[in-house]
Amino acid sequence: QVQLVESGGGLVQAGGSLRLSCAASGRTFSNYAMGWFRQTPGKEREFVAAIRWSGSNTYYADYVKGRFTISGDNAKNMVYLQMNGLIPGDTADYYCAATSSRNRANYYYTETYNYWGQGTQVTVSS
């Protein structure tokens with residue numbers, strides 16, 4: 001049974017940093033890509049970042065480029081999202097997801113992902 005469990009969310013002031021973690025279990029993820037998405041009430045879930053564990057290629061939404069960094073630890077089946085320079089607009093529930101797709105053009109879309117975590121809440125105060 002595949003499980004993705006996020007942690008690391010919380011309340012932070014604007015300009016601060018948080019590091020989200022995603023623990024993956026239940027299968028071998030070496031041929032998967034992992035993504036982070038976020039969602040606020042009443043809005044669709046939106047892409048934040050993705051990483052391919054084989055090759056470690058990374059992909060980012062324009063609104064987080066230069067501020068967020070996605071990384072992975074294959075040995076531990078962990079994926080991280082380092083978030084710096086946080087702004088109130090980053091406030092959302094953040095979700096970890098996994099996809100077996102190898103088409104990087106699809107990494108930006110929720111329907112590409114086979115597995116999802118339950119989310120962790122990030123609140124950025126002004």
# chains A, B, ... in the order shown; residues from 1 in each chain; ligands from 1
>>> residues_around(residues="Thr123 (chain A)", least_positions_apart="6", cutoff="10 Å", atoms="only C-alpha atoms", output="number ranges by chain")
A: 9-14, 86-93
>>> select_by_dssp(residues="region 43-123 of chain A", states="strand (DSSP E)", output="PyMOL selection string")
chain A and resi 46-52+58-60+68-73+78-83+92-99+115-116+120-123
>>> closest_residue(among="A:Thr28, A:Asn114, A:Asn106, A:Ser126", to="Ala50 (chain A)", atoms="only C-alpha atoms")
A:Asn106
>>> residues_around(residues="Arg102 (chain A)", least_positions_apart="3", cutoff="9 Å", atoms="only C-alpha atoms", output="ChimeraX atom specification")
/A:31-33,52,99,105-107
>>> closest_residue(among="A:Thr58, A:Thr110, A:Ser25, A:Thr40", to="Ala75 (chain A)", atoms="only C-alpha atoms")
A:Ser25
>>> residues_around(residues="Tyr109 (chain A)", least_positions_apart="2", cutoff="12 Å", atoms="only C-alpha atoms", output="PDB file with C-alpha atoms, in the first residue's frame")
ATOM      1  CA  GLY A  35       5.603  16.623  -7.082  1.00  0.00           C
ATOM      2  CA  TRP A  36       4.438  19.286  -4.676  1.00  0.00           C
ATOM      3  CA  PHE A  37       1.119  21.014  -5.195  1.00  0.00           C
ATOM      4  CA  ARG A  38      -0.793  23.508  -3.115  1.00  0.00           C
ATOM      5  CA  GLU A  44      -7.987  24.403  -7.754  1.00  0.00           C
ATOM      6  CA  ARG A  45      -4.897  22.564  -6.681  1.00  0.00           C
ATOM      7  CA  GLU A  46      -1.875  24.140  -8.362  1.00  0.00           C
ATOM      8  CA  PHE A  47       1.557  22.890  -9.273  1.00  0.00           C
ATOM      9  CA  VAL A  48       4.531  24.033  -7.214  1.00  0.00           C
ATOM     10  CA  ALA A  49       7.501  21.822  -8.088  1.00  0.00           C
ATOM     11  CA  ALA A  50       8.495  18.344  -9.249  1.00  0.00           C
ATOM     12  CA  ALA A  61       6.117  26.960 -11.202  1.00  0.00           C
ATOM     13  CA  ALA A  97       2.286  13.428  -5.022  1.00  0.00           C
ATOM     14  CA  ALA A  98       3.899  10.646  -7.050  1.00  0.00           C
ATOM     15  CA  THR A  99       3.604   9.767 -10.722  1.00  0.00           C
ATOM     16  CA  SER A 101       4.768   9.203 -15.936  1.00  0.00           C
ATOM     17  CA  ASN A 103       6.625  12.747 -19.734  1.00  0.00           C
ATOM     18  CA  ARG A 104       7.903  15.863 -18.019  1.00  0.00           C
ATOM     19  CA  ALA A 105       5.377  17.997 -19.865  1.00  0.00           C
ATOM     20  CA  ASN A 106       2.700  16.355 -17.722  1.00  0.00           C
ATOM     21  CA  TYR A 107       4.277  17.032 -14.350  1.00  0.00           C
ATOM     22  CA  GLU A 111      -4.289  14.252 -13.180  1.00  0.00           C
ATOM     23  CA  THR A 112      -0.810  12.987 -13.977  1.00  0.00           C
ATOM     24  CA  TYR A 113      -0.219  11.828 -10.418  1.00  0.00           C
ATOM     25  CA  ASN A 114      -1.141   8.369  -9.181  1.00  0.00           C
TER      26      ASN A 114
END
>>> closest_residue(among="A:Leu81, A:Arg19, A:Trp116, A:Gln121", to="Ile51 (chain A)", atoms="only C-alpha atoms")
A:Leu81
